[in-house]
file data_10.cif (mmCIF, C-alpha atoms)
data_coords
#
loop_
_atom_site.label_atom_id
_atom_site.label_comp_id
_atom_site.auth_asym_id
_atom_site.auth_seq_id
_atom_site.Cartn_x
_atom_site.Cartn_y
_atom_site.Cartn_z
CA MET A 1 172.39 154.55 116.87
CA GLU A 2 169.59 157.07 117.43
CA LEU A 3 166.85 156.93 120.05
CA HIS A 4 164.16 156.03 117.49
CA ASP A 5 166.10 152.83 116.70
CA PHE A 6 165.05 151.57 120.14
CA ASP A 7 161.34 152.41 119.91
CA ASP A 8 160.27 148.76 120.37
CA ILE A 9 162.04 148.34 123.71
CA ARG A 10 162.72 151.74 125.29
CA PRO A 11 160.73 153.44 128.09
CA TYR A 12 158.18 156.06 127.05
CA LEU A 13 159.41 159.57 126.36
CA PRO A 14 158.05 162.56 128.33
CA GLU A 15 155.97 163.74 125.35
CA GLU A 16 154.34 160.29 125.14
CA LEU A 17 153.26 160.18 128.80
CA PRO A 18 149.86 161.96 128.58
CA GLY A 19 148.60 159.48 125.97
CA VAL A 20 149.90 156.54 127.99
CA TYR A 21 148.20 157.83 131.16
CA GLU A 22 144.89 158.09 129.26
CA ARG A 23 145.29 154.54 127.96
CA MET A 24 145.99 153.16 131.44
CA PHE A 25 142.97 154.85 132.99
CA ALA A 26 140.78 153.45 130.19
CA ASP A 27 141.73 149.95 131.39
CA GLN A 28 139.29 148.58 133.98
CA GLU A 29 141.83 146.21 135.53
CA PHE A 30 144.34 149.03 136.04
CA CYS A 31 141.67 151.14 137.75
CA MET A 32 140.78 148.16 139.95
CA VAL A 33 144.43 147.75 140.97
CA LEU A 34 144.63 151.46 141.81
CA GLY A 35 141.57 151.09 144.02
CA TYR A 36 143.31 148.23 145.81
CA ILE A 37 146.59 150.03 146.49
CA MET A 38 145.05 153.47 147.10
CA PRO A 39 141.77 152.69 148.85
CA GLY A 40 139.37 155.61 149.29
CA VAL A 41 141.21 157.93 146.88
CA PRO A 42 138.95 158.98 143.95
CA LEU A 43 140.22 157.86 140.56
CA GLU A 44 139.77 161.39 139.19
CA MET A 45 142.17 162.71 141.83
CA ILE A 46 144.76 160.03 141.05
CA LYS A 47 144.45 160.70 137.33
CA ALA A 48 144.84 164.46 137.75
CA ARG A 49 147.93 163.95 139.87
CA MET A 50 149.40 161.51 137.36
CA MET A 51 148.68 163.87 134.47
CA SER A 52 150.71 166.53 136.27
CA CYS A 53 153.84 164.35 136.06
CA LYS A 54 155.71 165.62 133.01
CA THR A 55 158.69 163.22 133.14
CA ASN A 56 159.30 159.57 134.01
CA LEU A 57 161.46 160.59 136.98
CA GLU A 58 158.70 162.86 138.27
CA PHE A 59 156.25 159.95 137.97
CA GLN A 60 158.63 157.77 140.00
CA LYS A 61 159.02 160.41 142.70
CA VAL A 62 155.30 161.28 142.96
CA PHE A 63 153.73 157.82 142.64
CA CYS A 64 156.26 155.03 143.02
CA TYR A 65 158.20 156.63 145.88
CA THR A 66 155.09 157.27 147.97
CA PHE A 67 153.79 153.73 147.36
CA LEU A 68 157.14 152.20 148.32
CA GLU A 69 157.36 154.30 151.50
CA GLN A 70 153.94 153.03 152.58
CA LEU A 71 154.80 149.47 151.57
CA LEU A 72 158.01 149.46 153.60
CA GLN A 73 156.09 150.60 156.66
CA LYS A 74 153.63 147.70 156.30
CA ALA A 75 155.80 144.88 154.94
CA SER A 76 159.29 145.41 156.41
CA THR A 77 161.19 146.46 159.49
CA GLY A 78 163.32 148.85 157.43
CA ILE A 79 165.66 149.22 154.47
CA SER A 80 169.28 150.34 154.26
CA MET A 81 171.94 150.90 151.61
CA ASP A 82 175.75 150.95 151.66
CA THR A 83 177.20 153.16 148.89
CA LYS A 84 180.72 153.65 150.27
CA ALA A 85 182.35 151.77 147.37
CA ILE A 86 181.02 153.97 144.55
CA ASP A 87 180.56 157.60 143.53
CA LEU A 88 176.83 158.11 142.96
CA THR A 89 177.41 161.17 140.80
CA ARG A 90 178.69 158.81 138.08
CA ARG A 91 176.57 156.52 135.87
CA PHE A 92 176.71 152.76 136.29
CA THR A 93 175.19 149.48 135.18
CA PHE A 94 174.09 147.83 138.41
CA ILE A 95 174.13 144.04 138.06
CA SER A 96 172.52 142.34 141.04
CA ASN A 97 171.21 139.12 142.43
CA HIS A 98 167.46 138.79 141.87
CA ARG A 99 164.99 138.04 144.65
CA ASP A 100 161.78 139.90 143.86
CA ILE A 101 160.29 140.36 140.37
CA VAL A 102 159.17 143.94 140.95
CA LEU A 103 160.79 145.30 144.08
CA ASP A 104 164.52 144.66 143.52
CA SER A 105 164.76 147.54 141.07
CA ALA A 106 161.94 149.60 142.63
CA PHE A 107 163.63 149.75 146.03
CA LEU A 108 166.92 150.63 144.33
CA ASP A 109 165.26 153.63 142.67
CA LYS A 110 163.82 154.78 146.01
CA LEU A 111 167.17 154.41 147.74
CA LEU A 112 168.92 156.42 145.02
CA VAL A 113 166.39 159.23 145.48
CA ASP A 114 166.95 159.10 149.25
CA ALA A 115 170.71 159.35 148.64
CA GLY A 116 170.19 162.60 146.74
CA CYS A 117 170.91 161.25 143.25
CA ASP A 118 169.66 163.34 140.35
CA THR A 119 168.39 160.23 138.55
CA THR A 120 167.32 156.63 139.20
CA CYS A 121 167.79 153.65 136.85
CA GLU A 122 166.48 152.34 133.59
CA ILE A 123 165.32 148.82 134.37
CA ALA A 124 165.68 145.65 132.26
CA ILE A 125 162.43 143.65 132.39
CA GLY A 126 161.53 140.41 130.61
CA ASP A 127 158.62 140.48 128.16
CA ASN A 128 157.19 137.36 129.86
CA LEU A 129 155.99 139.66 132.67
CA LEU A 130 154.11 142.01 130.36
CA SER A 131 151.06 139.88 129.58
CA ARG A 132 148.65 142.74 130.22
CA PRO A 133 148.71 145.99 128.19
CA TRP A 134 148.44 148.23 131.26
CA VAL A 135 151.46 146.47 132.83
CA ARG A 136 153.49 147.18 129.68
CA ASP A 137 152.40 150.81 129.86
CA LEU A 138 153.14 151.13 133.56
CA VAL A 139 156.68 149.76 133.33
CA GLY A 140 157.33 151.95 130.28
CA VAL A 141 156.37 155.02 132.30
CA ASN A 142 158.56 153.71 135.14
CA LYS A 143 161.79 153.78 133.06
CA ALA A 144 161.82 150.07 132.14
CA PHE A 145 163.15 148.71 128.86
CA ILE A 146 162.09 145.36 127.47
CA VAL A 147 164.16 142.19 127.21
CA ARG A 148 162.67 140.09 124.39
CA ARG A 149 162.84 136.39 125.25
CA SER A 150 160.19 134.41 123.36
CA LEU A 151 161.68 134.71 119.88
CA PRO A 152 163.11 132.33 117.23
CA ARG A 153 166.90 132.04 117.34
CA LEU A 154 167.74 134.50 114.54
CA GLN A 155 165.32 137.13 115.85
CA LEU A 156 166.61 136.56 119.38
CA MET A 157 170.15 137.41 118.28
CA LYS A 158 168.95 140.63 116.64
CA ALA A 159 166.96 141.49 119.80
CA SER A 160 170.04 140.83 121.97
CA ILE A 161 172.17 143.15 119.84
CA LEU A 162 169.50 145.86 120.08
CA LEU A 163 169.24 145.36 123.85
CA SER A 164 173.00 145.65 124.29
CA GLU A 165 173.20 148.74 122.08
CA TYR A 166 170.41 150.30 124.14
CA MET A 167 172.24 149.68 127.43
CA HIS A 168 175.33 151.36 126.00
CA TYR A 169 173.15 154.21 124.72
CA VAL A 170 171.59 154.76 128.17
CA ILE A 171 174.96 154.95 129.97
CA ASN A 172 176.90 156.93 127.40
CA GLN A 173 174.32 159.13 125.65
CA LYS A 174 171.24 159.42 127.87
CA ASN A 175 173.53 159.74 130.90
CA ASP A 176 171.41 157.48 133.08
CA ASN A 177 171.97 154.34 135.16
CA VAL A 178 170.91 150.81 134.22
CA TRP A 179 169.76 147.96 136.47
CA ILE A 180 169.87 144.37 135.25
CA ALA A 181 169.65 141.04 137.07
CA GLN A 182 172.71 138.80 136.91
CA ARG A 183 170.59 136.03 135.39
CA GLU A 184 167.37 135.53 133.47
CA GLY A 185 164.68 135.10 136.13
CA ARG A 186 165.19 134.76 139.87
CA ALA A 187 167.55 132.21 141.43
CA LYS A 188 164.83 130.07 142.97
CA ASP A 189 167.26 128.44 145.43
CA SER A 190 169.04 131.77 146.20
CA ASN A 191 172.32 130.31 144.91
CA ASP A 192 173.16 133.47 142.99
CA ARG A 193 175.32 133.01 139.90
CA THR A 194 175.92 135.36 136.97
CA GLN A 195 174.90 133.86 133.65
CA ILE A 196 177.70 134.21 131.12
CA ALA A 197 175.00 134.77 128.48
CA ILE A 198 174.17 138.09 130.19
CA LEU A 199 177.79 139.25 129.90
CA LYS A 200 177.98 138.09 126.28
CA MET A 201 174.82 140.05 125.51
CA MET A 202 176.39 143.19 127.00
CA THR A 203 179.36 142.90 124.63
CA LEU A 204 177.18 142.78 121.51
CA GLY A 205 176.95 146.58 121.76
CA GLY A 206 179.63 149.24 122.09
CA ASP A 207 183.03 149.31 120.42
CA GLY A 208 186.36 147.54 120.74
CA SER A 209 187.37 144.36 122.55
CA ILE A 210 185.22 142.44 125.04
CA ILE A 211 186.93 144.22 127.94
CA GLU A 212 186.56 147.63 126.28
CA ARG A 213 182.85 147.08 125.67
CA LEU A 214 182.26 146.08 129.29
CA LEU A 215 184.31 149.06 130.48
CA GLN A 216 181.89 151.31 128.60
CA LEU A 217 179.04 150.03 130.82
CA HIS A 218 180.80 150.62 134.18
CA LEU A 219 179.49 147.45 135.86
CA VAL A 220 178.82 147.55 139.61
CA PRO A 221 177.91 144.31 141.43
CA LEU A 222 174.99 144.94 143.77
CA SER A 223 173.99 142.59 146.58
CA ILE A 224 170.33 142.58 147.66
CA SER A 225 169.48 140.90 150.97
CA TYR A 226 165.95 140.25 152.23
CA GLU A 227 165.50 138.78 155.71
CA TYR A 228 162.36 136.98 154.51
CA ASP A 229 161.34 136.08 150.97
CA PRO A 230 157.53 136.22 150.73
CA CYS A 231 157.66 133.98 147.63
CA ASP A 232 159.73 131.22 149.26
CA TYR A 233 156.74 128.86 149.48
CA LEU A 234 155.77 129.56 145.86
CA LYS A 235 159.32 128.76 144.74
CA ALA A 236 159.27 125.53 146.78
CA ARG A 237 155.91 124.61 145.23
CA GLU A 238 157.44 125.20 141.80
CA PHE A 239 160.35 122.88 142.64
CA GLN A 240 157.99 120.02 143.52
CA LEU A 241 155.75 120.56 140.49
CA LYS A 242 158.81 120.53 138.19
CA ARG A 243 160.06 117.40 139.94
CA ASP A 244 156.76 115.52 139.71
CA ILE A 245 155.23 116.70 136.42
CA GLU A 246 157.29 116.30 133.26
CA GLY A 247 157.27 119.50 131.19
CA TRP A 248 155.49 121.59 133.86
CA LYS A 249 155.81 125.31 133.22
CA LYS A 250 154.63 128.43 134.99
CA THR A 251 151.63 130.29 133.59
CA ALA A 252 151.09 134.04 133.26
CA GLU A 253 148.79 133.71 136.30
CA ASP A 254 151.67 132.20 138.29
CA ASP A 255 153.82 135.24 137.43
CA VAL A 256 151.05 137.62 138.52
CA LEU A 257 150.67 135.74 141.83
CA SER A 258 154.44 135.89 142.39
CA MET A 259 154.46 139.62 141.70
CA LYS A 260 151.55 140.26 144.07
CA THR A 261 152.95 138.01 146.82
CA GLY A 262 156.43 139.51 146.50
CA ILE A 263 155.14 143.07 146.72
CA LEU A 264 152.68 142.67 149.58
CA GLY A 265 154.35 139.90 151.64
CA TRP A 266 156.48 140.35 154.75
CA LYS A 267 160.17 140.99 154.05
CA GLY A 268 161.66 141.87 157.43
CA ASN A 269 164.97 143.73 157.06
CA ILE A 270 166.21 144.71 153.58
CA HIS A 271 169.74 145.76 152.67
CA TYR A 272 171.39 146.95 149.44
CA HIS A 273 175.18 146.89 149.23
CA PHE A 274 177.29 148.14 146.31
CA ALA A 275 180.64 146.54 145.56
CA PRO A 276 183.26 148.65 143.77
CA CYS A 277 182.85 149.21 140.03
CA ILE A 278 184.71 146.39 138.25
CA ASP A 279 186.45 148.71 135.73
CA ASP A 280 189.82 148.38 137.51
CA TYR A 281 189.42 144.60 137.69
CA LEU A 282 188.64 144.41 133.96
CA GLN A 283 191.73 146.44 133.11
CA SER A 284 193.88 144.03 135.14
CA LEU A 285 192.90 141.03 132.98
CA PRO A 286 195.24 139.83 130.21
CA ALA A 287 194.07 141.13 126.82
CA ASP A 288 194.91 137.82 125.12
CA MET A 289 192.85 135.60 127.44
CA PRO A 290 190.59 133.13 125.52
CA LYS A 291 187.02 134.46 125.26
CA ASN A 292 185.27 131.74 127.24
CA GLU A 293 187.83 131.89 130.04
CA LEU A 294 187.53 135.68 130.09
CA TYR A 295 183.75 135.62 130.48
CA GLU A 296 184.02 132.95 133.19
CA ARG A 297 186.60 134.98 135.13
CA ILE A 298 184.45 138.11 134.98
CA ALA A 299 181.30 136.23 136.02
CA THR A 300 183.16 134.64 138.94
CA HIS A 301 184.44 138.04 140.08
CA ILE A 302 180.91 139.53 140.00
CA ASP A 303 179.58 136.53 141.94
CA GLN A 304 182.27 136.81 144.60
CA GLU A 305 181.56 140.53 145.05
CA ILE A 306 177.81 139.95 145.38
CA HIS A 307 178.35 137.08 147.82
CA ARG A 308 180.89 139.07 149.85
CA CYS A 309 178.45 141.95 150.23
CA TYR A 310 175.48 139.87 151.39
CA ARG A 311 174.00 140.96 154.69
CA LEU A 312 173.16 137.75 156.54
CA TYR A 313 170.37 137.50 159.10
CA PRO A 314 169.84 134.93 161.88
CA ASN A 315 167.50 133.01 159.50
CA ASN A 316 170.38 132.36 157.11
CA TYR A 317 172.55 130.78 159.81
CA ILE A 318 169.64 128.88 161.37
CA ALA A 319 168.66 127.36 158.03
CA LEU A 320 172.19 126.11 157.38
CA ASP A 321 172.45 124.61 160.86
CA ILE A 322 169.08 122.84 160.46
CA LEU A 323 170.06 121.43 157.06
CA ASN A 324 173.39 120.15 158.42
CA ASP A 325 171.89 119.06 161.75
CA THR A 326 174.56 121.03 163.61
CA SER A 327 174.85 124.11 165.81
CA SER A 328 177.97 125.47 164.09
CA PHE A 329 176.56 129.00 163.92
CA ALA A 330 174.71 129.06 167.23
CA ASP A 331 176.59 132.23 168.19
CA LYS A 332 174.79 134.03 165.34
CA TYR A 333 171.26 133.56 166.71
CA THR A 334 169.25 132.94 169.85
CA GLU A 335 166.83 130.16 170.73
CA LYS A 336 164.06 132.72 170.30
CA ASP A 337 165.34 133.49 166.78
CA LYS A 338 165.26 129.78 165.96
CA ALA A 339 161.76 129.28 167.35
CA THR A 340 160.52 132.31 165.38
CA PHE A 341 162.01 130.96 162.16
CA GLU A 342 160.60 127.47 162.72
CA LYS A 343 157.15 129.00 163.25
CA TYR A 344 157.55 131.08 160.08
CA LEU A 345 158.65 128.01 158.11
CA LYS A 346 155.63 126.02 159.30
CA GLY A 347 153.29 128.86 158.29
CA GLN A 348 154.81 129.14 154.81
CA LEU A 349 154.50 125.39 154.20
CA GLU A 350 150.84 125.53 155.22
CA LYS A 351 150.21 127.99 152.37
CA ILE A 352 150.99 125.25 149.83
CA THR A 353 147.55 123.70 149.41
CA ASP A 354 147.17 122.86 145.71
CA VAL A 355 150.00 120.36 145.13
CA GLU A 356 149.00 116.74 144.65
CA ASN A 357 150.99 114.37 146.92
CA LYS A 358 152.42 117.31 148.83
CA ASP A 359 155.95 116.33 149.90
CA GLU A 360 156.31 118.24 153.16
CA LYS A 361 159.88 117.08 153.84
CA TYR A 362 161.07 118.04 150.34
CA LEU A 363 159.28 121.41 150.40
CA ARG A 364 160.74 122.22 153.81
CA GLU A 365 164.23 121.36 152.56
CA CYS A 366 163.71 123.59 149.51
CA ILE A 367 162.85 126.61 151.66
CA LEU A 368 165.70 125.95 154.10
CA THR A 369 168.10 125.76 151.15
CA MET A 370 166.91 129.18 149.93
CA TYR A 371 167.94 130.72 153.25
CA ALA A 372 171.13 128.66 153.68
CA ASN A 373 172.72 129.27 150.27
CA PRO A 374 173.51 132.97 150.87
CA THR A 375 175.37 131.92 154.02
CA ILE A 376 177.39 129.28 152.17
CA ASN A 377 178.25 131.71 149.37
CA HIS A 378 179.13 134.57 151.75
CA LEU A 379 181.46 132.41 153.83
CA THR A 380 183.14 131.07 150.69
CA ALA A 381 183.62 134.58 149.27
CA LYS A 382 185.05 135.89 152.54
#

call {"tool": "encode", "arguments": {"input": "data_10.cif", "output": "structure tokens"}}
result
Amino acid sequence: MELHDFDDIRPYLPEELPGVYERMFADQEFCMVLGYIMPGVPLEMIKARMMSCKTNLEFQKVFCYTFLEQLLQKASTGISMDTKAIDLTRRFTFISNHRDIVLDSAFLDKLLVDAGCDTTCEIAIGDNLLSRPWVRDLVGVNKAFIVRRSLPRLQLMKASILLSEYMHYVINQKNDNVWIAQREGRAKDSNDRTQIAILKMMTLGGDGSIIERLLQLHLVPLSISYEYDPCDYLKAREFQLKRDIEGWKKTAEDDVLSMKTGILGWKGNIHYHFAPCIDDYLQSLPADMPKNELYERIATHIDQEIHRCYRLYPNNYIALDILNDTSSFADKYTEKDKATFEKYLKGQLEKITDVENKDEKYLRECILTMYANPTINHLTAK
């Protein structure tokens, strides 16, 4: 397939950027957001600087990198990355657990730049997050390609084939990396599991057998660990609303609030850890294995690698001990750590103010579960 075959989903090309910049600056909401994240900087100066960015990678380095540096200083105690298991001069499809709507892939791009890579990633993003035109333009400038979700079944299959073909095109013809979450949407309870549907989508493109098609994508499991999840209370709120209101669904406004809260909220320590590329594992699997069993085996292997590479923090052990009413992991934290986490938990629960018949005990358990599940999964994988 040729690049023009992907026009509906691909990021913008360098020659398209000036027109996209003009369109974004003509949007009042976009200009308002710029004023919020770059207070005191004249719009004309921002626009001139943006117009000087001739490629998507240059845009990422000039604008996104600087913003993320400043954000990390305000909203974290630091970020780290372990790349020992892979050769960053090669191209990979990074498949990771999903905590933050925006920052999971954004931080990865920053870390790759810091590591001296000559490129970043093309990012899979769901069309449900692109409710505003300027957001669609911004992610297109930022090397994101679109995952179509809200389509009738026949159209959805065609969109999935196109998506898969594009991922193969990026790795093998554009010579770039890809980032994709292991599941559609975030794991609200942090019990990270790879959806088999994601793997099946990947094998709609490429050539040969299922294993051969996955080998062409060079899949690398990536584990993302945040000490604190700023959206934990929003996820807990969502659990209660789904429990109490039949058919309750998130709105576009809910997604915007989650994006804003995730970006600006306190994250503590952040760690990215790459497992080895699964190419060798794929080649070790029997070629005659039944399809469903094959997909399940591959998904389980990716899960185990992500779980094994988690970086756990005192919060994760404390939450599991509180849920089980034990002190099994007391050697992993101090009394001060526990008091700090209890205070944090209380503060997050107080932010939930708009739920009728607020179930404090249930909401508390939801948040504790979010922090305990990575511990359970890590210990099982080890």

call {"tool": "resolve_selection", "arguments": {"input": "data_10.cif", "expression": "the PyMOL selection byres ((chain A and resi 378) around 12)", "output": "JSON list (two decimals) with C-alpha atoms, in the frame of the given file"}}
result
[["chain", "number", "residue", "atom", "x", "y", "z"],
["A", 190, "SER", "CA", 169.04, 131.77, 146.20],
["A", 191, "ASN", "CA", 172.32, 130.31, 144.91],
["A", 192, "ASP", "CA", 173.16, 133.47, 142.99],
["A", 223, "SER", "CA", 173.99, 142.59, 146.58],
["A", 225, "SER", "CA", 169.48, 140.90, 150.97],
["A", 303, "ASP", "CA", 179.58, 136.53, 141.94],
["A", 304, "GLN", "CA", 182.27, 136.81, 144.60],
["A", 305, "GLU", "CA", 181.56, 140.53, 145.05],
["A", 306, "ILE", "CA", 177.81, 139.95, 145.38],
["A", 307, "HIS", "CA", 178.35, 137.08, 147.82],
["A", 308, "ARG", "CA", 180.89, 139.07, 149.85],
["A", 309, "CYS", "CA", 178.45, 141.95, 150.23],
["A", 310, "TYR", "CA", 175.48, 139.87, 151.39],
["A", 311, "ARG", "CA", 174.00, 140.96, 154.69],
["A", 312, "LEU", "CA", 173.16, 137.75, 156.54],
["A", 313, "TYR", "CA", 170.37, 137.50, 159.10],
["A", 316, "ASN", "CA", 170.38, 132.36, 157.11],
["A", 317, "TYR", "CA", 172.55, 130.78, 159.81],
["A", 371, "TYR", "CA", 167.94, 130.72, 153.25],
["A", 372, "ALA", "CA", 171.13, 128.66, 153.68],
["A", 373, "ASN", "CA", 172.72, 129.27, 150.27],
["A", 374, "PRO", "CA", 173.51, 132.97, 150.87],
["A", 375, "THR", "CA", 175.37, 131.92, 154.02],
["A", 376, "ILE", "CA", 177.39, 129.28, 152.17],
["A", 377, "ASN", "CA", 178.25, 131.71, 149.37],
["A", 379, "LEU", "CA", 181.46, 132.41, 153.83],
["A", 380, "THR", "CA", 183.14, 131.07, 150.69],
["A", 381, "ALA", "CA", 183.62, 134.58, 149.27],
["A", 382, "LYS", "CA", 185.05, 135.89, 152.54]]

call {"tool": "closest_residue", "arguments": {"input": "data_10.cif", "among": "A:Tyr233, A:Tyr36, A:Trp134, A:Phe25", "to": "Lys351 in chain A", "atoms": "all atoms listed in the file"}}
result
A:Tyr233

call {"tool": "atom_distance", "arguments": {"input": "data_10.cif", "atom1": "CA of Leu162 in chain A", "atom2": "CA of Gly205 in chain A"}}
result
7.7 Å

call {"tool": "residues_around", "arguments": {"input": "data_10.cif", "residues": "Gln283 in chain A", "least_positions_apart": "6", "cutoff": "10 Å", "atoms": "all atoms listed in the file", "output": "PyMOL selection string"}}
result
chain A and resi 211-212+215

call {"tool": "resolve_selection", "arguments": {"input": "data_10.cif", "expression": "the PyMOL selection byres ((chain A and resi 176) around 9)", "output": "PDB file with C-alpha atoms, in the frame of the given file"}}
result
ATOM      1  CA  ARG A  90     178.690 158.810 138.080  1.00  0.00           C
ATOM      2  CA  ARG A  91     176.570 156.520 135.870  1.00  0.00           C
ATOM      3  CA  PHE A  92     176.710 152.760 136.290  1.00  0.00           C
ATOM      4  CA  THR A 119     168.390 160.230 138.550  1.00  0.00           C
ATOM      5  CA  THR A 120     167.320 156.630 139.200  1.00  0.00           C
ATOM      6  CA  CYS A 121     167.790 153.650 136.850  1.00  0.00           C
ATOM      7  CA  GLU A 122     166.480 152.340 133.590  1.00  0.00           C
ATOM      8  CA  VAL A 170     171.590 154.760 128.170  1.00  0.00           C
ATOM      9  CA  ILE A 171     174.960 154.950 129.970  1.00  0.00           C
ATOM     10  CA  ASN A 172     176.900 156.930 127.400  1.00  0.00           C
ATOM     11  CA  GLN A 173     174.320 159.130 125.650  1.00  0.00           C
ATOM     12  CA  LYS A 174     171.240 159.420 127.870  1.00  0.00           C
ATOM     13  CA  ASN A 175     173.530 159.740 130.900  1.00  0.00           C
ATOM     14  CA  ASN A 177     171.970 154.340 135.160  1.00  0.00           C
ATOM     15  CA  VAL A 178     170.910 150.810 134.220  1.00  0.00           C
TER      16      VAL A 178
END

call {"tool": "resolve_selection", "arguments": {"input": "data_10.cif", "expression": "the PyMOL selection byres ((chain A and resi 50) around 9)", "output": "PyMOL selection string"}}
result
chain A and resi 18+21+45-49+51-54+59+62-63

call {"tool": "closest_atom_pairs", "arguments": {"input": "data_10.cif", "of": "range 250-328 of chain A", "to": "range 94-100 of chain A", "cutoff": "10 Å", "atoms": "only C-alpha atoms", "output": "tab-separated table"}}
result
residue	atom	partner	partner_atom	distance
A:Ser258	CA	A:Asp100	CA	8.5
A:Met259	CA	A:Asp100	CA	7.6
A:Thr261	CA	A:Asp100	CA	9.5
A:Gly262	CA	A:Asp100	CA	6.0
A:Ile263	CA	A:Asp100	CA	7.9
A:Tyr272	CA	A:Ser96	CA	9.6
A:His273	CA	A:Ser96	CA	9.7
A:Phe274	CA	A:Phe94	CA	8.5
A:Ala275	CA	A:Phe94	CA	9.8
A:Cys277	CA	A:Phe94	CA	9.0
A:Ile302	CA	A:Ile95	CA	8.4
A:Asp303	CA	A:Asn97	CA	8.8
A:Ile306	CA	A:Ser96	CA	7.2
A:His307	CA	A:Asn97	CA	9.2
A:Tyr310	CA	A:Asn97	CA	10.0

call {"tool": "closest_residue", "arguments": {"input": "data_10.cif", "among": "A:Leu68, A:Ala319, A:Met81, A:Val102", "to": "His271 in chain A", "atoms": "all atoms listed in the file"}}
result
A:Met81

call {"tool": "residues_around", "arguments": {"input": "data_10.cif", "residues": "Met157 in chain A", "least_positions_apart": "4", "cutoff": "12 Å", "atoms": "all atoms listed in the file", "output": "MDAnalysis selection string"}}
result
chainID A and resid 147:153 161:164 197 200:201 204:205

call {"tool": "closest_residue", "arguments": {"input": "data_10.cif", "among": "A:Glu227, A:Glu238, A:Asp8, A:Asp244", "to": "Ile352 in chain A", "atoms": "all atoms listed in the file"}}
result
A:Glu238

call {"tool": "closest_residue", "arguments": {"input": "data_10.cif", "among": "A:Tyr169, A:Tyr362, A:Tyr344, A:Phe239", "to": "Leu217 in chain A", "atoms": "only C-alpha atoms"}}
result
A:Tyr169

call {"tool": "atom_distance", "arguments": {"input": "data_10.cif", "atom1": "CA of Asp189 in chain A", "atom2": "CA of Cys366 in chain A"}}
result
7.3 Å

call {"tool": "closest_residue", "arguments": {"input": "data_10.cif", "among": "A:Asp337, A:Glu293, A:Glu342, A:Asp232", "to": "Met370 in chain A", "atoms": "all atoms listed in the file"}}
result
A:Asp232

call {"tool": "closest_residue", "arguments": {"input": "data_10.cif", "among": "A:Trp179, A:Leu320, A:Trp248, A:Ile210", "to": "Ala287 in chain A", "atoms": "all atoms listed in the file"}}
result
A:Ile210

call {"tool": "axis_aligned_box", "arguments": {"input": "data_10.cif", "around": "range 233-250 of chain A", "padding_each_side": "4 Å", "output": "JSON"}}
result
{"center_x": 157.5, "center_y": 122.5, "center_z": 140.3, "size_x": 13.7, "size_y": 22.0, "size_z": 26.3}

call {"tool": "residues_around", "arguments": {"input": "data_10.cif", "residues": "Ile146 in chain A", "least_positions_apart": "6", "cutoff": "7 Å", "atoms": "all atoms listed in the file", "output": "ChimeraX atom specification"}}
result
/A:9-10,124-127

call {"tool": "atom_distance", "arguments": {"input": "data_10.cif", "atom1": "CA of Asp104 in chain A", "atom2": "CA of Ile123 in chain A"}}
result
10.1 Å

call {"tool": "residues_around", "arguments": {"input": "data_10.cif", "residues": "Glu356 in chain A", "least_positions_apart": "3", "cutoff": "12 Å", "atoms": "only C-alpha atoms", "output": "list in words"}}
result
Arg237, Gln240, Leu241, Asp244, Ile245, Ile352, Thr353, Asp359 and Glu360 of chain A
